[in-house]
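Asks: So here's start_18.cif (mmCIF, C-alpha atoms).
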```cif
data_start
#
loop_
_atom_site.group_PDB
_atom_site.id
_atom_site.type_symbol
_atom_site.label_atom_id
_atom_site.label_comp_id
_atom_site.auth_asym_id
_atom_site.auth_seq_id
_atom_site.Cartn_x
_atom_site.Cartn_y
_atom_site.Cartn_z
ATOM 1 C CA MET A 1 -39.538 -21.693 -14.102
ATOM 2 C CA THR A 2 -43.125 -21.844 -15.302
ATOM 3 C CA GLU A 3 -45.483 -19.180 -16.554
ATOM 4 C CA LYS A 4 -47.144 -19.329 -13.136
ATOM 5 C CA ASP A 5 -43.934 -18.587 -11.224
ATOM 6 C CA LEU A 6 -44.478 -15.445 -9.123
ATOM 7 C CA THR A 7 -40.855 -14.280 -9.377
ATOM 8 C CA ASP A 8 -40.290 -14.871 -13.088
ATOM 9 C CA ARG A 9 -39.868 -11.837 -15.326
ATOM 10 C CA LYS A 10 -43.033 -11.284 -17.373
ATOM 11 C CA PHE A 11 -41.707 -8.712 -19.865
ATOM 12 C CA TYR A 12 -38.781 -9.016 -22.250
ATOM 13 C CA ARG A 13 -35.651 -7.017 -21.500
ATOM 14 C CA ALA A 14 -34.780 -4.092 -23.746
ATOM 15 C CA GLY A 15 -31.844 -6.015 -25.208
ATOM 16 C CA GLU A 16 -34.127 -8.864 -26.223
ATOM 17 C CA GLU A 17 -36.631 -6.482 -27.784
ATOM 18 C CA SER A 18 -33.788 -4.897 -29.754
ATOM 19 C CA ARG A 19 -32.814 -8.311 -31.071
ATOM 20 C CA PHE A 20 -36.383 -9.018 -32.092
ATOM 21 C CA ALA A 21 -36.421 -5.738 -34.031
ATOM 22 C CA ASP A 22 -33.136 -6.620 -35.780
ATOM 23 C CA GLU A 23 -34.387 -10.064 -36.712
ATOM 24 C CA SER A 24 -37.687 -8.876 -38.138
ATOM 25 C CA PRO A 25 -37.878 -10.006 -41.786
ATOM 26 C CA GLU A 26 -40.144 -7.139 -42.760
ATOM 27 C CA ARG A 27 -38.425 -4.486 -44.882
ATOM 28 C CA THR A 28 -41.059 -1.979 -45.922
ATOM 29 C CA PRO A 29 -41.073 1.810 -46.330
ATOM 30 C CA GLN A 30 -42.614 1.954 -42.864
ATOM 31 C CA THR A 31 -40.079 -0.244 -41.066
ATOM 32 C CA MET A 32 -37.150 1.381 -42.865
ATOM 33 C CA HIS A 33 -38.134 4.916 -41.867
ATOM 34 C CA PRO A 34 -36.288 6.481 -38.851
ATOM 35 C CA ALA A 35 -39.630 7.125 -37.163
ATOM 36 C CA TYR A 36 -40.006 3.360 -36.700
ATOM 37 C CA LYS A 37 -36.755 2.938 -34.765
ATOM 38 C CA LEU A 38 -36.960 2.100 -31.091
ATOM 39 C CA ALA A 39 -36.486 5.437 -29.344
ATOM 40 C CA PHE A 40 -33.539 4.260 -27.216
ATOM 41 C CA ARG A 41 -31.699 3.050 -30.341
ATOM 42 C CA ASP A 42 -32.354 6.155 -32.407
ATOM 43 C CA THR A 43 -29.131 8.154 -32.114
ATOM 44 C CA GLU A 44 -30.403 11.109 -34.114
ATOM 45 C CA PHE A 45 -33.404 11.330 -31.806
ATOM 46 C CA LEU A 46 -31.248 11.114 -28.654
ATOM 47 C CA LEU A 47 -29.012 13.925 -29.931
ATOM 48 C CA ARG A 48 -31.859 16.406 -30.403
ATOM 49 C CA ASP A 49 -31.750 19.564 -28.272
ATOM 50 C CA GLU A 50 -34.985 18.561 -26.555
ATOM 51 C CA LEU A 51 -33.283 15.407 -25.241
ATOM 52 C CA ARG A 52 -30.541 17.276 -23.370
ATOM 53 C CA PRO A 53 -32.094 16.444 -19.956
ATOM 54 C CA VAL A 54 -32.016 12.751 -20.882
ATOM 55 C CA ARG A 55 -28.357 12.983 -21.935
ATOM 56 C CA PHE A 56 -27.575 14.679 -18.630
ATOM 57 C CA GLN A 57 -29.195 11.778 -16.807
ATOM 58 C CA LEU A 58 -27.284 9.221 -18.869
ATOM 59 C CA GLU A 59 -23.939 10.912 -18.124
ATOM 60 C CA LEU A 60 -24.837 10.906 -14.446
ATOM 61 C CA LEU A 61 -25.986 7.289 -14.379
ATOM 62 C CA LYS A 62 -23.434 5.466 -16.544
ATOM 63 C CA PRO A 63 -20.290 6.405 -14.558
ATOM 64 C CA GLU A 64 -22.138 6.001 -11.256
ATOM 65 C CA MET A 65 -23.255 2.488 -12.137
ATOM 66 C CA LEU A 66 -19.875 1.416 -13.524
ATOM 67 C CA LEU A 67 -17.995 2.707 -10.474
ATOM 68 C CA ASP A 68 -20.463 1.001 -8.149
ATOM 69 C CA GLU A 69 -19.951 -2.259 -10.034
ATOM 70 C CA ALA A 70 -16.180 -1.777 -9.750
ATOM 71 C CA ARG A 71 -16.550 -1.443 -5.950
ATOM 72 C CA VAL A 72 -15.090 2.062 -5.904
ATOM 73 C CA GLY A 73 -15.984 3.475 -2.517
ATOM 74 C CA SER A 74 -13.967 6.679 -2.611
ATOM 75 C CA THR A 75 -11.395 8.414 -4.765
ATOM 76 C CA MET A 76 -8.301 10.554 -4.542
ATOM 77 C CA VAL A 77 -8.643 13.079 -7.336
ATOM 78 C CA MET A 78 -5.672 14.687 -9.055
ATOM 79 C CA TYR A 79 -6.018 17.973 -10.958
ATOM 80 C CA GLY A 80 -3.218 19.597 -12.922
ATOM 81 C CA SER A 81 -1.797 20.825 -16.194
ATOM 82 C CA ALA A 82 -1.868 18.864 -19.432
ATOM 83 C CA ARG A 83 1.364 20.630 -20.493
ATOM 84 C CA ILE A 84 3.942 19.918 -17.788
ATOM 85 C CA PRO A 85 6.540 17.448 -19.105
ATOM 86 C CA SER A 86 7.781 14.375 -17.314
ATOM 87 C CA PRO A 87 11.332 14.650 -15.911
ATOM 88 C CA GLU A 88 12.505 12.540 -18.878
ATOM 89 C CA GLN A 89 10.968 15.007 -21.351
ATOM 90 C CA ALA A 90 11.944 18.255 -19.618
ATOM 91 C CA GLN A 91 15.234 18.853 -21.442
ATOM 92 C CA ALA A 92 13.669 17.950 -24.781
ATOM 93 C CA LYS A 93 11.098 20.708 -24.263
ATOM 94 C CA ILE A 94 13.867 23.242 -23.643
ATOM 95 C CA ASP A 95 15.815 22.025 -26.677
ATOM 96 C CA ALA A 96 12.738 22.248 -28.900
ATOM 97 C CA ALA A 97 12.347 25.939 -28.042
ATOM 98 C CA LYS A 98 15.989 26.993 -28.413
ATOM 99 C CA ASP A 99 15.403 28.454 -31.893
ATOM 100 C CA GLY A 100 12.170 30.121 -30.872
ATOM 101 C CA SER A 101 11.477 33.573 -29.478
ATOM 102 C CA GLU A 102 12.649 34.693 -26.059
ATOM 103 C CA TYR A 103 9.076 34.262 -24.827
ATOM 104 C CA GLU A 104 8.886 30.685 -26.158
ATOM 105 C CA GLN A 105 12.202 29.814 -24.531
ATOM 106 C CA LYS A 106 11.013 31.253 -21.220
ATOM 107 C CA VAL A 107 7.771 29.268 -21.354
ATOM 108 C CA ALA A 108 9.653 26.062 -22.159
ATOM 109 C CA ALA A 109 12.030 26.630 -19.267
ATOM 110 C CA ASN A 110 9.157 27.348 -16.876
ATOM 111 C CA LEU A 111 7.312 24.178 -17.895
ATOM 112 C CA ALA A 112 10.480 22.093 -17.650
ATOM 113 C CA ALA A 113 11.077 23.440 -14.142
ATOM 114 C CA LYS A 114 7.677 22.064 -13.138
ATOM 115 C CA ALA A 115 8.592 18.509 -14.206
ATOM 116 C CA LYS A 116 9.188 17.797 -10.517
ATOM 117 C CA TYR A 117 5.411 17.938 -10.028
ATOM 118 C CA TYR A 118 4.924 15.171 -12.588
ATOM 119 C CA HIS A 119 7.259 13.135 -10.383
ATOM 120 C CA GLU A 120 5.390 14.036 -7.180
ATOM 121 C CA ALA A 121 2.013 13.258 -8.769
ATOM 122 C CA TYR A 122 3.383 9.887 -9.824
ATOM 123 C CA LYS A 123 4.741 9.214 -6.319
ATOM 124 C CA LEU A 124 1.490 10.219 -4.604
ATOM 125 C CA ALA A 125 -0.632 8.021 -6.851
ATOM 126 C CA ARG A 126 1.746 5.106 -6.392
ATOM 127 C CA LEU A 127 1.881 5.578 -2.608
ATOM 128 C CA VAL A 128 -1.900 5.685 -2.263
ATOM 129 C CA SER A 129 -2.401 2.726 -4.612
ATOM 130 C CA GLU A 130 0.150 0.593 -2.768
ATOM 131 C CA LYS A 131 -1.832 1.045 0.444
ATOM 132 C CA ALA A 132 -4.876 -0.505 -1.288
ATOM 133 C CA ILE A 133 -7.287 0.475 1.493
ATOM 134 C CA ILE A 134 -10.506 -1.570 1.584
ATOM 135 C CA GLU A 135 -13.429 -0.539 3.770
ATOM 136 C CA ASN A 136 -16.935 -2.022 3.804
ATOM 137 C CA GLY A 137 -15.922 -4.215 0.897
ATOM 138 C CA LYS A 138 -15.114 -1.235 -1.309
ATOM 139 C CA ARG A 139 -11.862 0.254 -2.532
ATOM 140 C CA GLN A 140 -10.926 3.599 -1.019
ATOM 141 C CA PHE A 141 -8.823 6.459 -2.422
ATOM 142 C CA VAL A 142 -8.865 5.068 -5.958
ATOM 143 C CA VAL A 143 -6.723 7.431 -8.045
ATOM 144 C CA THR A 144 -8.840 9.533 -10.404
ATOM 145 C CA THR A 145 -7.618 11.973 -13.052
ATOM 146 C CA GLY A 146 -8.917 13.738 -16.117
ATOM 147 C CA GLY A 147 -7.448 10.883 -18.140
ATOM 148 C CA GLY A 148 -5.197 13.072 -20.273
ATOM 149 C CA PRO A 149 -1.443 13.720 -20.502
ATOM 150 C CA SER A 150 1.087 15.299 -18.130
ATOM 151 C CA ILE A 151 -0.017 15.478 -14.471
ATOM 152 C CA MET A 152 -3.011 13.291 -15.282
ATOM 153 C CA GLU A 153 -0.789 10.696 -16.930
ATOM 154 C CA ALA A 154 1.523 10.789 -13.906
ATOM 155 C CA GLY A 155 -1.376 9.905 -11.590
ATOM 156 C CA ASN A 156 -2.630 6.992 -13.672
ATOM 157 C CA ARG A 157 0.926 5.824 -14.287
ATOM 158 C CA GLY A 158 1.763 5.813 -10.588
ATOM 159 C CA ALA A 159 -1.312 3.738 -9.796
ATOM 160 C CA SER A 160 -0.556 1.333 -12.638
ATOM 161 C CA ASP A 161 3.068 0.843 -11.563
ATOM 162 C CA ALA A 162 1.819 0.046 -8.061
ATOM 163 C CA GLY A 163 -0.349 -2.715 -9.508
ATOM 164 C CA GLY A 164 -3.506 -0.722 -8.861
ATOM 165 C CA GLU A 165 -6.409 0.393 -11.007
ATOM 166 C CA SER A 166 -7.228 4.032 -11.670
ATOM 167 C CA ILE A 167 -10.003 6.096 -13.180
ATOM 168 C CA GLY A 168 -9.799 8.499 -16.104
ATOM 169 C CA LEU A 169 -12.602 10.998 -16.701
ATOM 170 C CA ASN A 170 -11.987 12.211 -20.229
ATOM 171 C CA ILE A 171 -14.043 14.753 -22.132
ATOM 172 C CA VAL A 172 -14.755 15.214 -25.826
ATOM 173 C CA LEU A 173 -13.004 18.328 -27.134
ATOM 174 C CA PRO A 174 -12.820 19.892 -30.623
ATOM 175 C CA HIS A 175 -9.134 19.025 -30.820
ATOM 176 C CA GLU A 176 -7.757 15.534 -30.392
ATOM 177 C CA GLN A 177 -8.043 14.213 -26.850
ATOM 178 C CA ALA A 178 -7.640 10.587 -25.831
ATOM 179 C CA PRO A 179 -7.060 8.671 -22.587
ATOM 180 C CA ASN A 180 -3.456 8.161 -21.575
ATOM 181 C CA GLY A 181 -2.272 4.569 -21.740
ATOM 182 C CA TYR A 182 -2.207 4.070 -17.958
ATOM 183 C CA VAL A 183 -5.933 4.470 -17.267
ATOM 184 C CA THR A 184 -7.609 1.168 -16.400
ATOM 185 C CA PRO A 185 -9.633 0.440 -19.572
ATOM 186 C CA TYR A 186 -12.930 -0.440 -17.893
ATOM 187 C CA LEU A 187 -12.592 2.687 -15.717
ATOM 188 C CA SER A 188 -11.885 4.943 -18.687
ATOM 189 C CA LEU A 189 -14.970 7.142 -18.991
ATOM 190 C CA ASN A 190 -15.813 9.821 -21.525
ATOM 191 C CA PHE A 191 -18.043 12.886 -21.134
ATOM 192 C CA HIS A 192 -19.789 15.426 -23.312
ATOM 193 C CA TYR A 193 -20.769 17.782 -20.478
ATOM 194 C CA PHE A 194 -18.134 19.483 -18.331
ATOM 195 C CA ALA A 195 -20.725 19.888 -15.566
ATOM 196 C CA LEU A 196 -21.367 16.148 -15.259
ATOM 197 C CA ARG A 197 -17.657 15.365 -15.459
ATOM 198 C CA LYS A 198 -16.904 17.787 -12.633
ATOM 199 C CA MET A 199 -19.734 16.299 -10.588
ATOM 200 C CA HIS A 200 -18.236 12.820 -10.923
ATOM 201 C CA PHE A 201 -14.812 14.117 -9.931
ATOM 202 C CA LEU A 202 -16.248 15.072 -6.544
ATOM 203 C CA LEU A 203 -19.077 12.619 -5.816
ATOM 204 C CA ARG A 204 -16.653 10.049 -4.395
ATOM 205 C CA ALA A 205 -13.668 12.317 -3.664
ATOM 206 C CA ARG A 206 -12.177 11.998 -0.202
ATOM 207 C CA ALA A 207 -9.036 13.982 -1.060
ATOM 208 C CA VAL A 208 -8.015 16.225 -3.953
ATOM 209 C CA ALA A 209 -4.439 16.982 -4.988
ATOM 210 C CA VAL A 210 -4.129 20.130 -7.104
ATOM 211 C CA PHE A 211 -0.939 20.685 -9.096
ATOM 212 C CA PRO A 212 0.058 23.739 -11.169
ATOM 213 C CA GLY A 213 -2.273 24.113 -14.117
ATOM 214 C CA GLY A 214 -4.230 26.403 -16.406
ATOM 215 C CA PHE A 215 -7.848 27.439 -16.835
ATOM 216 C CA GLY A 216 -9.195 23.906 -16.400
ATOM 217 C CA THR A 217 -7.293 23.342 -13.157
ATOM 218 C CA PHE A 218 -8.338 26.784 -11.869
ATOM 219 C CA ASP A 219 -11.963 26.019 -12.705
ATOM 220 C CA GLU A 220 -11.938 22.684 -10.892
ATOM 221 C CA PHE A 221 -9.967 23.990 -7.899
ATOM 222 C CA PHE A 222 -12.051 27.108 -7.307
ATOM 223 C CA GLU A 223 -15.324 25.255 -7.753
ATOM 224 C CA LEU A 224 -14.184 22.780 -5.094
ATOM 225 C CA LEU A 225 -13.245 25.644 -2.746
ATOM 226 C CA THR A 226 -16.624 27.281 -3.368
ATOM 227 C CA LEU A 227 -18.560 24.101 -2.623
ATOM 228 C CA ILE A 228 -16.815 23.671 0.724
ATOM 229 C CA GLN A 229 -16.806 27.375 1.611
ATOM 230 C CA THR A 230 -20.557 27.618 1.057
ATOM 231 C CA GLY A 231 -21.289 24.423 2.963
ATOM 232 C CA LYS A 232 -22.638 22.547 -0.058
ATOM 233 C CA MET A 233 -19.897 19.953 0.427
ATOM 234 C CA LYS A 234 -18.289 18.647 3.590
ATOM 235 C CA PRO A 235 -14.590 19.491 4.034
ATOM 236 C CA ILE A 236 -12.023 17.110 2.574
ATOM 237 C CA PRO A 237 -8.238 17.443 2.320
ATOM 238 C CA ILE A 238 -7.309 19.786 -0.545
ATOM 239 C CA LEU A 239 -3.587 19.457 -1.205
ATOM 240 C CA LEU A 240 -2.186 22.379 -3.160
ATOM 241 C CA PHE A 241 1.185 21.579 -4.728
ATOM 242 C CA GLY A 242 3.553 24.345 -5.817
ATOM 243 C CA LYS A 243 3.339 27.322 -3.463
ATOM 244 C CA ASP A 244 5.715 29.399 -5.602
ATOM 245 C CA PHE A 245 3.487 28.909 -8.649
ATOM 246 C CA TRP A 246 0.166 29.488 -6.935
ATOM 247 C CA THR A 247 1.165 32.542 -4.906
ATOM 248 C CA ARG A 248 2.609 34.096 -8.060
ATOM 249 C CA VAL A 249 -0.518 33.639 -10.157
ATOM 250 C CA VAL A 250 -3.132 34.057 -7.399
ATOM 251 C CA ASP A 251 -2.757 36.456 -4.476
ATOM 252 C CA PHE A 252 -4.821 34.569 -1.915
ATOM 253 C CA GLU A 253 -3.818 36.882 0.921
ATOM 254 C CA ALA A 254 -4.944 39.923 -1.085
ATOM 255 C CA ILE A 255 -8.363 38.376 -1.697
ATOM 256 C CA ALA A 256 -8.755 37.927 2.063
ATOM 257 C CA GLU A 257 -7.480 41.440 2.789
ATOM 258 C CA GLU A 258 -10.008 42.835 0.322
ATOM 259 C CA GLY A 259 -12.682 41.190 2.456
ATOM 260 C CA THR A 260 -14.276 39.201 -0.359
ATOM 261 C CA ILE A 261 -13.363 35.955 1.419
ATOM 262 C CA ALA A 262 -12.714 35.305 5.096
ATOM 263 C CA LYS A 263 -9.171 34.858 6.345
ATOM 264 C CA SER A 264 -10.225 31.406 7.583
ATOM 265 C CA ASP A 265 -11.086 30.405 3.997
ATOM 266 C CA LEU A 266 -7.356 30.146 3.358
ATOM 267 C CA ASP A 267 -7.381 27.137 5.686
ATOM 268 C CA LEU A 268 -9.547 25.168 3.235
ATOM 269 C CA PHE A 269 -6.396 23.915 1.505
ATOM 270 C CA GLN A 270 -2.979 22.699 2.606
ATOM 271 C CA TRP A 271 0.308 23.594 0.916
ATOM 272 C CA CYS A 272 2.348 20.601 -0.254
ATOM 273 C CA GLU A 273 5.573 19.980 -2.115
ATOM 274 C CA THR A 274 5.994 16.218 -1.755
ATOM 275 C CA ALA A 275 3.815 13.142 -2.039
ATOM 276 C CA GLU A 276 4.730 12.099 1.500
ATOM 277 C CA GLU A 277 3.610 15.469 2.840
ATOM 278 C CA ALA A 278 0.293 15.139 1.027
ATOM 279 C CA TRP A 279 -0.353 11.660 2.372
ATOM 280 C CA CYS A 280 0.381 12.843 5.914
ATOM 281 C CA HIS A 281 -2.368 15.458 5.571
ATOM 282 C CA ILE A 282 -4.794 12.806 4.307
ATOM 283 C CA ALA A 283 -3.854 10.315 7.033
ATOM 284 C CA ASP A 284 -4.160 12.959 9.760
ATOM 285 C CA PHE A 285 -7.530 14.162 8.479
ATOM 286 C CA TYR A 286 -9.021 10.632 8.438
ATOM 287 C CA GLU A 287 -6.993 9.350 11.404
ATOM 288 C CA LEU A 288 -5.528 6.549 9.311
ATOM 289 C CA PRO A 289 -2.738 4.306 10.622
ATOM 290 C CA ASP A 290 0.790 5.313 9.590
ATOM 291 C CA ASN A 291 1.631 2.056 7.782
#
```
If you took the structure in this file and wrote it as structure tokens, what would it be?
Replies:
Amino acid sequence: MTEKDLTDRKFYRAGEESRFADESPERTPQTMHPAYKLAFRDTEFLLRDELRPVRFQLELLKPEMLLDEARVGSTMVMYGSARIPSPEQAQAKIDAAKDGSEYEQKVAANLAAKAKYYHEAYKLARLVSEKAIIENGKRQFVVTTGGGPSIMEAGNRGASDAGGESIGLNIVLPHEQAPNGYVTPYLSLNFHYFALRKMHFLLRARAVAVFPGGFGTFDEFFELLTLIQTGKMKPIPILLFGKDFWTRVVDFEAIAEEGTIAKSDLDLFQWCETAEEAWCHIADFYELPDN
């Protein structure tokens, strides 16, 4: 290309400009002062309160661009507890609590009893990943979790064991929190803002499986219901695993009887107990072939 080429780039890329700045031989009080740093390389500047809107935009753009580049067309999202043990760990949890209080023993037994949902989450993720549906050149129903332990680990693990890739949307927390070892590394994303993380859970979601969980699972589940109930989001299959758990902790029928939701709102989700049952709901909703 020549300087007269109409399609040649006329300005240096930001990466090149950064290199020029690093290679500058000048070391003076002016060049060494933080004020002289390129704005996009000045971490202290980017972390100022006034830059929050910019950080919001970055957390929206980075995952969106990476998932586009990875040809992720749609996702199957899995919500659930970070505390439910795998079937292999269930007895160990009970044993660890045997010298504890009656309450601690009861909690351990209740969590161990839910180990079956770790197994079903694993099976669902594996089943969906084995189907490896491609449409318009993009991968569909890519398993997506919060990237953490327990139910989230089960989802990423199931996809990995099926030879598939899966997404983990982690979030920075005051206590230690790291991606489980089954998340595909280049699809392992980290967030500062819960709001942006929850947005990315649903931007590509074409089905959501909700397993027993705590405040985080409730938050994600009820926000999803609200978005569809209010018409802000088109309906998608919402697969609610563990009817005994959910009807014990949330009286859905009572909410409808009180008149604060419509009876028809209870049709926004489908009860499930097995991975096969969940996939049938998804396949029926999208009229997918059985095989």
Asks: Using all atoms listed in the file, which of A:Ile255, A:Ile282, A:Leu58, A:Ala70 sits nearest A:Phe191?
Replies: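 Nearest to A:Phe191: A:Leu58.
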Asks: Looking at A:Arg48, A:Lys232, A:His192, A:Arg83, which one is nearest to A:Ile151, with distances taken over all atoms listed in the file?
Replies: A:Arg83
Asks: Taking the file above as input, evaluate the PyMOL selection byres ((chain A and resi 183) around 8) and report the hits as a CSV table (one decimal) with C-alpha atoms, keeping the file's coordinate frame.
Replies:
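Dumped everything to expr_35.csv:
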```
chain,number,residue,atom,x,y,z
A,147,GLY,CA,-7.4,10.9,-18.1
A,156,ASN,CA,-2.6,7.0,-13.7
A,157,ARG,CA,0.9,5.8,-14.3
A,160,SER,CA,-0.6,1.3,-12.6
A,165,GLU,CA,-6.4,0.4,-11.0
A,166,SER,CA,-7.2,4.0,-11.7
A,167,ILE,CA,-10.0,6.1,-13.2
A,168,GLY,CA,-9.8,8.5,-16.1
A,179,PRO,CA,-7.1,8.7,-22.6
A,180,ASN,CA,-3.5,8.2,-21.6
A,181,GLY,CA,-2.3,4.6,-21.7
A,182,TYR,CA,-2.2,4.1,-18.0
A,184,THR,CA,-7.6,1.2,-16.4
A,185,PRO,CA,-9.6,0.4,-19.6
A,187,LEU,CA,-12.6,2.7,-15.7
A,188,SER,CA,-11.9,4.9,-18.7
```
Asks: Work out how far atom CA of A:Leu225 is from atom CA of A:Phe269, in Å to one decimal.
Replies: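 Separation of atom CA of A:Phe269 and atom CA of A:Leu225: 8.2 Å.
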Asks: If the PyMOL selection byres ((chain A and resi 144) around 10) were run on this exact file, what residues would it hold? Put them as a ChimeraX atom specification.
Replies: /A:74-79,125,141-143,145-147,152,155-156,159,165-169,183,187-188,200-201,204-205,208
Asks: From the options A:Arg55, A:Lys93, A:Lys98, A:Arg248, which residue's atoms come nearest to A:Ala112, counting only C-alpha atoms?
Replies: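 Residue with the minimum atom-to-atom distance to A:Ala112: A:Lys93.
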Asks: Please measure the separation of atom CA of A:Glu69 and atom CA of A:Gly216, giving the value in Å to one decimal.
Replies: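 Distance between the two atoms: 29.0 Å.
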Asks: Which is closer to A:Glu59 than all the others in A:Ala154, A:Leu47, A:Met199, A:Val72, using all atoms listed in the file?
Replies: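 That would be A:Met199, the residue with the smallest distance to A:Glu59.
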Asks: How far is it from atom CA of A:Gln177 to atom CA of A:Gly148, in Å with one decimal?
Replies: 7.3 Å
Asks: Mind checking which residues fall within 12 Å of A:Pro235, counting all atoms listed in the file, ignoring those fewer than 2 positions away in the same chain, and posting them as a ChimeraX atom specification?
Replies: /A:202,205-208,224-233,237-238,265,267-269,282,285-286
Asks: Any chance you could resolve the PyMOL selection byres ((chain A and resi 274) around 12) against this file and give the residues as an NGL selection string?
Replies: :A and (116-125 or 127 or 209 or 211 or 239-243 or 270-273 or 275-281)
Asks: Nearest to A:Phe56: which of A:Tyr193, A:Asn110, A:Tyr186, A:Val249 is it, counting all atoms listed in the file?
Replies: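 With all atoms listed in the file as the atom set, the closest residue is A:Tyr193.
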Asks: Could you name the residues that touch A:Arg71 at 7 Å or less, counting all atoms listed in the file, but leaving out those on the same chain fewer than 2 positions away, as number ranges by chain?
Replies: A: 67-69, 73, 138-139
Asks: Which residues, written as a VMD selection string, have at least one atom at most 7 Å from stretch 130-136 of chain A, with all atoms listed in the file counted and residues fewer than 4 positions away on the same chain left out?
Replies: chain A and resid 126 140 162
